[in-house]
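What's in coords.txt: compact mmCIF, C-alpha atoms
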```txt
# COMPACT_ATOMS: atom_id res chain seq x y z
CA MET A 288 -137.09 124.22 24.83
CA ARG A 289 -138.74 123.96 28.24
CA VAL A 290 -136.75 125.58 31.04
CA VAL A 291 -137.15 125.81 34.80
CA LEU A 292 -135.05 128.54 36.42
CA VAL A 293 -134.51 128.34 40.17
CA GLY A 294 -133.45 131.69 41.61
CA ALA A 295 -134.70 135.02 40.25
CA GLY A 296 -132.08 137.27 41.81
CA ALA A 297 -129.75 139.62 39.96
CA LEU A 298 -128.17 136.94 37.77
CA GLY A 299 -131.29 134.77 37.52
CA ALA A 300 -133.43 137.66 36.30
CA ARG A 301 -130.86 138.50 33.63
CA CYS A 302 -130.73 134.86 32.59
CA ALA A 303 -134.53 134.75 32.37
CA ARG A 304 -134.54 137.73 29.98
CA GLN A 305 -131.94 136.08 27.79
CA LEU A 306 -133.84 132.79 27.74
CA HIS A 307 -137.12 134.51 26.99
CA ALA A 308 -135.56 136.10 23.89
CA ALA A 309 -134.66 132.68 22.45
CA PRO A 310 -136.99 131.64 19.58
CA SER A 311 -136.66 127.99 20.65
CA LEU A 312 -138.15 128.65 24.10
CA SER A 313 -141.58 127.12 24.57
CA SER A 314 -141.94 127.67 28.34
CA LEU A 315 -139.97 129.17 31.21
CA ALA A 316 -141.01 128.53 34.81
CA LEU A 317 -139.47 130.63 37.59
CA VAL A 318 -138.96 129.33 41.11
CA ASP A 319 -137.75 131.61 43.90
CA ILE A 320 -137.96 131.68 47.68
CA ASP A 321 -139.45 135.15 47.19
CA ALA A 322 -142.65 134.39 45.28
CA ALA A 323 -143.36 138.08 44.67
CA ARG A 324 -139.97 138.54 43.03
CA ALA A 325 -140.52 135.54 40.75
CA LYS A 326 -143.93 136.88 39.72
CA ALA A 327 -142.48 140.33 39.07
CA VAL A 328 -139.80 138.94 36.76
CA ALA A 329 -142.29 136.67 34.98
CA GLY A 330 -144.78 139.53 34.60
CA SER A 331 -142.15 141.80 33.07
CA LEU A 332 -141.45 139.25 30.34
CA GLY A 333 -144.99 138.24 29.44
CA ASP A 334 -145.84 135.22 27.30
CA ARG A 335 -144.42 131.71 27.84
CA MET A 336 -143.70 132.60 31.48
CA SER A 337 -145.00 131.00 34.68
CA THR A 338 -144.02 130.67 38.33
CA ALA A 339 -144.01 127.72 40.70
CA GLY A 340 -143.56 127.26 44.42
CA SER A 341 -140.82 124.63 44.09
CA LEU A 342 -138.71 122.79 41.56
CA ASP A 343 -140.79 119.64 42.05
CA ALA A 344 -143.98 121.58 41.33
CA ALA A 345 -142.49 123.09 38.18
CA LEU A 346 -141.24 119.73 36.93
CA GLY A 347 -144.56 118.08 37.73
CA HIS A 348 -146.57 120.72 35.92
CA GLY A 349 -144.89 120.89 32.55
CA GLY A 350 -141.59 119.04 32.73
CA ALA A 351 -138.33 120.55 31.56
CA ASP A 352 -135.52 120.00 29.11
CA VAL A 353 -133.13 122.10 31.23
CA VAL A 354 -133.10 123.28 34.83
CA VAL A 355 -131.00 126.39 35.53
CA LEU A 356 -129.86 126.76 39.14
CA SER A 357 -129.02 130.36 40.06
CA CYS A 358 -130.09 130.21 43.70
CA PRO A 359 -127.74 130.42 46.72
CA GLY A 360 -126.75 127.32 48.66
CA SER A 361 -125.98 123.77 47.59
CA HIS A 362 -127.27 122.66 44.19
CA GLU A 363 -126.66 118.92 44.48
CA VAL A 364 -130.13 117.88 45.67
CA LEU A 365 -131.88 120.07 43.10
CA ALA A 366 -129.62 118.75 40.36
CA ARG A 367 -130.43 115.16 41.27
CA ARG A 368 -134.16 115.91 41.10
CA ALA A 369 -133.70 117.47 37.68
CA LEU A 370 -131.74 114.47 36.42
CA ASP A 371 -134.38 112.10 37.78
CA ALA A 372 -136.94 114.07 35.75
CA GLY A 373 -134.86 113.66 32.58
CA ALA A 374 -133.63 117.25 32.43
CA SER A 375 -130.13 118.63 31.98
CA VAL A 376 -128.77 121.04 34.58
CA VAL A 377 -126.96 124.37 34.37
CA SER A 378 -125.54 125.65 37.66
CA VAL A 379 -123.99 129.10 38.13
CA THR A 380 -122.27 128.16 41.41
CA ASP A 381 -118.85 129.55 42.25
CA ASP A 382 -118.60 127.62 45.52
CA PRO A 383 -115.91 124.89 45.31
CA ASP A 384 -117.76 122.43 47.57
CA CYS A 385 -120.96 122.78 45.55
CA ALA A 386 -118.99 122.42 42.31
CA ALA A 387 -117.30 119.25 43.57
CA ALA A 388 -120.68 117.72 44.50
CA LEU A 389 -122.05 118.51 41.05
CA LEU A 390 -119.00 117.07 39.28
CA ALA A 391 -119.62 113.85 41.22
CA LEU A 392 -122.88 113.50 39.25
CA ASP A 393 -120.92 112.85 36.06
CA GLY A 394 -121.76 109.14 35.90
CA ASP A 395 -125.46 109.62 36.66
CA ALA A 396 -125.78 112.42 34.11
CA ALA A 397 -123.99 110.46 31.39
CA ALA A 398 -126.11 107.37 32.06
CA SER A 399 -129.31 109.40 31.69
CA GLY A 400 -128.07 111.16 28.54
CA SER A 401 -128.07 114.56 30.26
CA SER A 402 -125.57 117.34 30.87
CA VAL A 403 -124.67 118.99 34.17
CA VAL A 404 -122.90 122.27 33.40
CA VAL A 405 -121.03 123.41 36.50
CA GLY A 406 -120.11 127.05 37.06
CA ALA A 407 -121.85 128.62 34.05
CA GLY A 408 -121.62 132.24 35.18
CA PHE A 409 -119.07 135.04 34.97
CA ALA A 410 -116.20 133.31 36.79
CA PRO A 411 -116.33 130.40 36.64
CA GLY A 412 -118.13 130.26 33.31
CA LEU A 413 -116.87 132.94 30.98
CA SER A 414 -113.44 132.44 32.53
CA CYS A 415 -113.53 128.74 31.58
CA LEU A 416 -114.44 129.55 27.98
CA LEU A 417 -111.61 132.07 27.76
CA ALA A 418 -109.16 129.51 29.17
CA ARG A 419 -110.20 126.96 26.55
CA HIS A 420 -109.93 129.60 23.83
CA ALA A 421 -106.48 130.70 25.03
CA ALA A 422 -105.27 127.09 24.99
CA ALA A 423 -106.47 126.43 21.44
CA ASP A 424 -103.18 127.42 19.76
CA LEU A 425 -100.94 125.75 22.33
CA THR A 426 -99.60 122.23 21.93
CA ALA A 427 -99.23 121.89 25.71
CA VAL A 428 -100.74 123.79 28.66
CA GLU A 429 -98.61 124.13 31.78
CA GLU A 430 -100.38 126.82 33.81
CA VAL A 431 -103.83 128.40 34.03
CA HIS A 432 -104.41 131.44 36.23
CA VAL A 433 -107.74 133.24 36.74
CA ALA A 434 -108.45 136.53 38.48
CA LYS A 435 -111.76 138.32 38.88
CA ILE A 436 -113.29 141.46 40.32
CA GLY A 437 -116.96 142.25 40.99
CA THR A 438 -120.09 140.43 42.11
CA ALA A 439 -123.47 139.76 40.51
CA GLY A 440 -125.93 140.29 43.36
CA PRO A 441 -126.35 139.91 47.14
CA ALA A 442 -125.96 136.12 47.17
CA CYS A 443 -122.80 136.38 45.09
CA ALA A 444 -121.41 139.11 47.36
CA ARG A 445 -122.03 136.95 50.44
CA GLN A 446 -120.32 133.99 48.77
CA HIS A 447 -117.28 136.11 47.93
CA HIS A 448 -117.17 137.38 51.52
CA ALA A 449 -117.17 133.79 52.80
CA ALA A 450 -114.57 132.76 50.21
CA LEU A 451 -111.98 135.03 51.84
CA ALA A 452 -112.36 133.13 55.12
CA ALA A 453 -112.51 129.52 53.89
CA PRO A 454 -109.44 127.42 53.04
CA THR A 455 -108.53 127.43 49.37
CA ARG A 456 -106.80 124.86 47.20
CA GLU A 457 -104.46 125.27 44.26
CA TRP A 458 -103.21 122.68 41.81
CA ARG A 459 -99.41 122.48 41.93
CA ASP A 460 -97.16 119.84 40.38
CA GLY A 461 -99.84 117.17 40.15
CA ALA A 462 -101.41 117.59 43.59
CA TRP A 463 -103.86 119.81 45.45
CA VAL A 464 -102.18 122.16 47.93
CA GLU A 465 -104.16 123.99 50.60
CA ARG A 466 -103.45 127.69 50.99
CA ARG A 467 -104.73 130.42 53.28
CA SER A 468 -107.41 132.59 51.73
CA GLY A 469 -106.50 136.26 51.66
CA SER A 470 -102.84 135.45 51.00
CA GLY A 471 -100.84 135.49 47.78
CA ARG A 472 -101.24 139.16 46.91
CA GLU A 473 -100.80 139.71 43.19
CA LEU A 474 -101.31 142.82 41.07
CA CYS A 475 -103.58 141.70 38.23
CA TRP A 476 -104.33 143.86 35.21
CA PHE A 477 -107.90 143.88 33.96
CA PRO A 478 -109.34 145.58 30.88
CA ASP A 479 -109.69 149.35 31.11
CA PRO A 480 -111.07 151.27 32.88
CA ILE A 481 -110.44 148.92 35.83
CA GLY A 482 -106.71 148.45 35.24
CA GLY A 483 -104.43 147.02 37.93
CA VAL A 484 -106.00 145.64 41.12
CA ASP A 485 -104.55 143.64 44.02
CA CYS A 486 -106.01 140.12 44.02
CA TYR A 487 -105.75 137.38 46.63
CA ARG A 488 -106.35 133.67 47.06
CA ALA A 489 -109.91 132.69 47.92
CA ALA A 490 -112.10 129.59 48.02
CA LEU A 491 -113.17 129.65 44.37
CA ALA A 492 -114.42 126.91 42.06
CA ASP A 493 -112.27 127.85 39.05
CA PRO A 494 -109.21 125.69 39.91
CA LEU A 495 -111.34 122.58 40.39
CA LEU A 496 -113.12 123.01 37.06
CA LEU A 497 -110.05 124.05 35.09
CA GLN A 498 -107.84 121.27 36.44
CA ALA A 499 -110.40 118.75 35.20
CA ALA A 500 -110.30 120.41 31.78
CA PHE A 501 -106.49 120.63 31.68
CA PRO A 502 -105.33 117.55 33.62
CA ASP A 503 -101.72 117.85 32.42
CA ALA A 504 -101.29 121.41 33.69
CA LEU A 505 -98.74 121.87 36.46
CA ARG A 506 -100.38 124.88 38.10
CA VAL A 507 -104.00 126.06 38.24
CA THR A 508 -104.89 128.99 40.48
CA ALA A 509 -107.63 131.58 41.02
CA ARG A 510 -107.65 134.93 42.79
CA MET A 511 -110.18 137.66 43.36
CA ALA A 512 -109.92 141.35 44.07
CA ALA A 513 -110.18 142.36 47.72
CA THR A 514 -109.41 145.33 49.92
CA ARG A 515 -107.65 145.27 53.26
CA ARG A 516 -111.03 145.68 54.97
CA ASP A 517 -112.42 142.71 53.01
CA ARG A 518 -109.64 140.48 54.28
CA VAL A 519 -109.73 141.75 57.87
CA THR A 520 -113.50 141.31 58.20
CA ALA A 521 -113.80 138.06 56.21
CA HIS A 522 -114.42 135.99 59.38
CA LEU A 523 -117.17 138.35 60.55
CA PRO A 524 -120.72 138.85 59.24
CA MET A 525 -120.91 141.36 56.41
CA LEU A 526 -120.78 144.83 57.93
CA ARG A 527 -123.33 146.30 55.52
CA PRO A 528 -125.97 144.83 53.20
CA PRO A 529 -124.71 144.18 49.65
CA HIS A 530 -126.08 146.09 46.69
CA LYS A 531 -129.03 144.62 44.78
CA GLU A 532 -126.72 144.28 41.78
CA GLY A 533 -122.98 144.71 41.60
CA LEU A 534 -121.27 147.35 39.51
CA ILE A 535 -118.88 146.75 36.63
CA GLY A 536 -116.65 143.71 37.01
CA ALA A 537 -113.94 141.95 35.04
CA VAL A 538 -112.22 138.63 34.58
CA ARG A 539 -108.65 137.90 33.52
CA VAL A 540 -107.42 134.52 32.28
CA GLU A 541 -103.75 133.72 31.69
CA VAL A 542 -102.71 130.44 30.07
CA ARG A 543 -99.04 129.50 29.82
CA GLY A 544 -97.63 126.63 27.83
CA TRP A 545 -95.80 125.60 24.70
CA ARG A 546 -96.49 126.03 21.03
CA ASP A 547 -94.30 123.39 19.45
CA ALA A 548 -90.92 124.07 21.11
CA VAL A 549 -91.56 127.73 21.94
CA SER A 550 -92.82 128.99 25.31
CA ASP A 551 -96.01 131.01 24.91
CA THR A 552 -98.46 132.90 27.12
CA ARG A 553 -101.99 133.95 26.22
CA VAL A 554 -104.00 136.45 28.25
CA PHE A 555 -107.71 137.15 27.70
CA GLY A 556 -110.04 139.39 29.64
CA ALA A 557 -113.62 140.58 29.74
CA LEU A 558 -115.32 143.62 31.23
CA ASP A 559 -119.03 143.64 32.09
CA ARG A 560 -121.56 143.62 34.89
CA PRO A 561 -121.14 140.10 36.36
CA ALA A 562 -124.92 139.60 36.57
CA VAL A 563 -125.36 140.53 32.91
CA ALA A 564 -122.47 138.47 31.58
CA GLY A 565 -123.21 135.55 33.91
CA GLY A 566 -126.88 135.53 32.90
CA CYS A 567 -125.89 135.41 29.24
CA VAL A 568 -123.46 132.54 29.80
CA ALA A 569 -126.07 130.54 31.72
CA ALA A 570 -128.72 131.14 29.05
CA VAL A 571 -126.46 130.05 26.19
CA ALA A 572 -125.33 127.02 28.20
CA ALA A 573 -128.99 126.06 28.74
CA ALA A 574 -129.68 126.29 25.01
CA TRP A 575 -126.61 124.22 24.20
CA ALA A 576 -127.61 121.58 26.76
CA ALA A 577 -131.14 121.38 25.33
CA ASP A 578 -129.78 121.03 21.79
CA GLY A 579 -127.13 118.46 22.74
CA ARG A 580 -124.25 120.65 21.50
CA PHE A 581 -121.72 119.79 24.20
CA ARG A 582 -118.94 117.41 23.25
CA ARG A 583 -120.11 114.79 25.75
CA ARG A 584 -122.84 114.00 28.22
CA GLY A 585 -122.09 114.14 31.91
CA ALA A 586 -120.93 116.79 34.39
CA GLY A 587 -118.19 119.34 33.88
CA GLY A 588 -117.27 122.97 33.53
CA LEU A 589 -117.51 124.80 30.24
CA ALA A 590 -113.78 124.40 29.54
CA ASP A 591 -114.34 120.65 29.67
CA LEU A 592 -117.72 120.35 27.92
CA VAL A 593 -117.10 122.82 25.07
CA ASP A 594 -114.72 121.46 22.46
CA ASP A 595 -114.52 124.64 20.36
CA PRO A 596 -115.36 127.76 22.39
CA VAL A 597 -115.56 130.11 19.39
CA PRO A 598 -119.26 129.44 18.54
CA PHE A 599 -120.19 129.87 22.21
CA LEU A 600 -118.18 133.08 22.51
CA SER A 601 -119.71 134.31 19.25
CA GLU A 602 -123.19 133.85 20.69
CA LEU A 603 -122.14 135.78 23.77
CA ALA A 604 -120.71 138.56 21.60
CA GLY A 605 -124.05 138.78 19.82
CA ARG A 606 -125.62 139.41 23.22
CA GLY A 607 -123.10 142.12 24.06
CA VAL A 608 -120.58 140.08 26.09
CA ARG A 609 -117.19 140.46 24.42
CA ALA A 610 -113.68 139.40 25.35
CA ALA A 611 -110.43 141.34 25.00
CA VAL A 612 -106.96 140.05 24.12
CA PHE A 613 -103.85 141.33 25.90
CA GLU A 614 -101.27 142.15 23.24
CA GLY A 615 -98.48 143.64 25.35
CA ALA A 616 -94.96 142.41 25.75
CA GLY A 617 -94.40 139.56 28.16
CA THR A 618 -91.71 139.38 30.85
CA THR A 619 -89.67 136.51 32.23
```
Output the file's structure in the form of structure tokens.
Amino acid sequence: MRVVLVGAGALGARCARQLHAAPSLSSLALVDIDAARAKAVAGSLGDRMSTAGSLDAALGHGGADVVVLSCPGSHEVLARRALDAGASVVSVTDDPDCAAALLALDGDAAASGSSVVVGAGFAPGLSCLLARHAAADLTAVEEVHVAKIGTAGPACARQHHAALAAPTREWRDGAWVERRSGSGRELCWFPDPIGGVDCYRAALADPLLLQAAFPDALRVTARMAATRRDRVTAHLPMLRPPHKEGLIGAVRVEVRGWRDAVSDTRVFGALDRPAVAGGCVAAVAAAWAADGRFRRRGAGGLADLVDDPVPFLSELAGRGVRAAVFEGAGTT
């Protein structure tokens, strides 16, 4: 497996370590706007590692089976270059506009026999796998709701800051409805020790990816944890530099529907450092793309491309990323 990884930040560096541990890896080229950072990550891993000044240089030097995009900004142009070079793409974006542009590559990716995995991080990514897993025992899915807390690194923190200022869309009764970010306060319960946290609407990619995976659902929403200061200052530049890597985070996925004629609700969660869990998800997605293990070629989120999420989740569990099941009593 030949991999080019663009972006050696908090999540990208974690992904590189996971990829380097794979026996099937033959080469891993790192590309980052900070050449010194890319060399430091490559040097810490040793054999089979290299760096390049650009994606084109990396593809021209040794080619690639998979290109992993963990850099900030739009991924569409880079994804097109990867597809033109015959490589599959794994993007960790959580930006809805970037995700929409990548999903639009579905026809090109399918025609070239490649995969474009959109949102293969913590949330979206692990959240999409948990949604697919939660829906496995249901005969019909009516609602999918995602909530998350925590950020991977500085780029992720900046994206989350911007997400509280940008318009957000939810899927309701067969149509997209625009809502105001920072509204819709909801107390969401995450795995201990985080517990209950107020979460709000934000411009997140999860609804777009999950609606494509569950087209018959009536409601698909996503929220993220935020403080009053986060919401008040969302339209301003960040008041202080973000941490190099975020602290512990969590994701919560609730799927409502029917099992035969009985109403049922499934709730899954996960607790981890978003950079660690997201890096693991991206690395496993890259390996699956290289091995052709997704249910179809083309572009989509993990809830769409993975038919049975159990093997994927089992691989994540082997890397230390485990999910929890809520087993409390539901309310009506």
Need the axis-aligned box for region 315-324 of chain A with 6 Å each side, so what are the centre and edges in Å to one decimal, as lines of an AutoDock Vina configuration file?
```
center_x = -140.6
center_y = 133.5
center_z = 39.4
size_x = 17.6
size_y = 22.0
size_z = 28.5
```
How close does each residue of region 554-592 of chain A get to region 352-374 of chain A, giving the shortest atom pair and distance in Å to one decimal for every residue with an atom at most 8 Å away, counting all atoms listed in the file, sorted by chain and residue number, as a Markdown table?
```
| residue | atom | partner | partner_atom | distance |
| --- | --- | --- | --- | --- |
| A:Ala569 | CA | A:Val355 | CA | 7.5 |
| A:Ala573 | CA | A:Val353 | CA | 6.2 |
| A:Ala576 | CA | A:Val353 | CA | 7.1 |
| A:Ala577 | CA | A:Asp352 | CA | 5.9 |
```
Counting all atoms listed in the file, which residues of region 501-585 of chain A sit at most 9 Å from some atom of region 459-464 of chain A, and what is each one's closest atom pair with its distance in Å to one decimal, listed by chain and rising residue number, as CSV?
```
residue,atom,partner,partner_atom,distance
A:Pro502,CA,A:Gly461,CA,8.5
A:Asp503,CA,A:Gly461,CA,8.0
A:Ala504,CA,A:Gly461,CA,7.9
A:Leu505,CA,A:Asp460,CA,4.7
A:Arg506,CA,A:Arg459,CA,4.6
A:Val507,CA,A:Arg459,CA,6.9
A:Thr508,CA,A:Arg459,CA,8.6
```
Just give me the residues with any atom within 6 Å of (-141.9, 132.1, 36.6), file coordinates, counting only C-alpha atoms, written as a list of chain:residue names. A:Ala316, A:Leu317, A:Ala325, A:Ala329, A:Met336, A:Ser337, A:Thr338
Now that the selection is made, can you save its residues with C-alpha atoms as a PDB file, keeping the file's coordinate frame?
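File written: out-v3.pdb
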```
ATOM      1  CA  ALA A 316    -141.010 128.530  34.810  1.00  0.00           C
ATOM      2  CA  LEU A 317    -139.470 130.630  37.590  1.00  0.00           C
ATOM      3  CA  ALA A 325    -140.520 135.540  40.750  1.00  0.00           C
ATOM      4  CA  ALA A 329    -142.290 136.670  34.980  1.00  0.00           C
ATOM      5  CA  MET A 336    -143.700 132.600  31.480  1.00  0.00           C
ATOM      6  CA  SER A 337    -145.000 131.000  34.680  1.00  0.00           C
ATOM      7  CA  THR A 338    -144.020 130.670  38.330  1.00  0.00           C
TER       8      THR A 338
END
```
Using all atoms listed in the file, which of A:Val433, A:Cys486, A:Leu474, A:Leu413 sits nearest Pro596 (chain A)?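 Counting all atoms listed in the file, the residue closest to Pro596 (chain A) is A:Leu413.
Those residues that approach Phe477 (chain A) to within 8 Å, counting all atoms listed in the file, are Ile481, Gly482, Gly483, Val484, Ala537, Val538, Arg539, Gly556, Ala557 and Leu558 of chain A; same-chain residues fewer than 4 positions away are not listed.
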Using all atoms listed in the file, determine which residues lie at most 12 Å from Glu457 (chain A), disregarding the query and same-chain residues fewer than 6 positions distant; provide the list as number ranges by chain. A: 383, 430-433, 463-468, 471, 488-498, 504-510
When you count all atoms listed in the file, which of these residues is closest to Arg560 (chain A): A:Ala574, A:Arg301, A:Ser399, A:Glu614?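 For Arg560 (chain A), the nearest of the given residues is A:Arg301.
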Given the choices A:Arg456, A:Arg289, A:Arg472, A:His420, which gets closest to Leu306 (chain A) if the distance is worked out from all atoms listed in the file? A:Arg289
Excluding same-chain residues fewer than 6 positions from region 522-535 of chain A, what lies within 10 Å of it counting all atoms listed in the file, as a ChimeraX atom specification? /A:296-298,436-445,448-453,480-481,558-563
Any idea what's packed within 7 Å of region 386-395 of chain A, counting all atoms listed in the file, ignoring anything in its chain fewer than 6 positions away? Could you give it as a ChimeraX atom specification? /A:363,380,405,492,585-587
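Counting from CA of Pro454 (chain A), the distance to CA of Arg419 (chain A) is 26.5 Å.
Of the listed residues (A:Cys475, A:Ala499, A:Thr514, A:Leu416), A:Leu416 comes nearest to Phe599 (chain A); the distances count only C-alpha atoms.
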Contacts of Val328 (chain A) at 7 Å or less, counting only C-alpha atoms, minus same-chain residues fewer than 4 places along, as an MDAnalysis selection string? chainID A and resid 300 324 332
Using all atoms listed in the file, which residue out of A:Gly469, A:Gly565, A:Pro478, A:Gly400 lies closest to Gly412 (chain A)? A:Gly565
Can you work out the spacing between CA of Arg553 (chain A) and CA of Val540 (chain A) in Å, to one decimal?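 Atom-to-atom, CA of Arg553 (chain A) to CA of Val540 (chain A), that is 8.2 Å.
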Pairwise distance for CA of Thr552 (chain A) and CA of Glu473 (chain A), rounded to one decimal in Å: 17.6 Å
Out of A:Cys385, A:Ala407, A:Ala513, A:Ala611, which residue has the shortest atom-to-atom distance to Ala564 (chain A) when counting only C-alpha atoms? A:Ala407
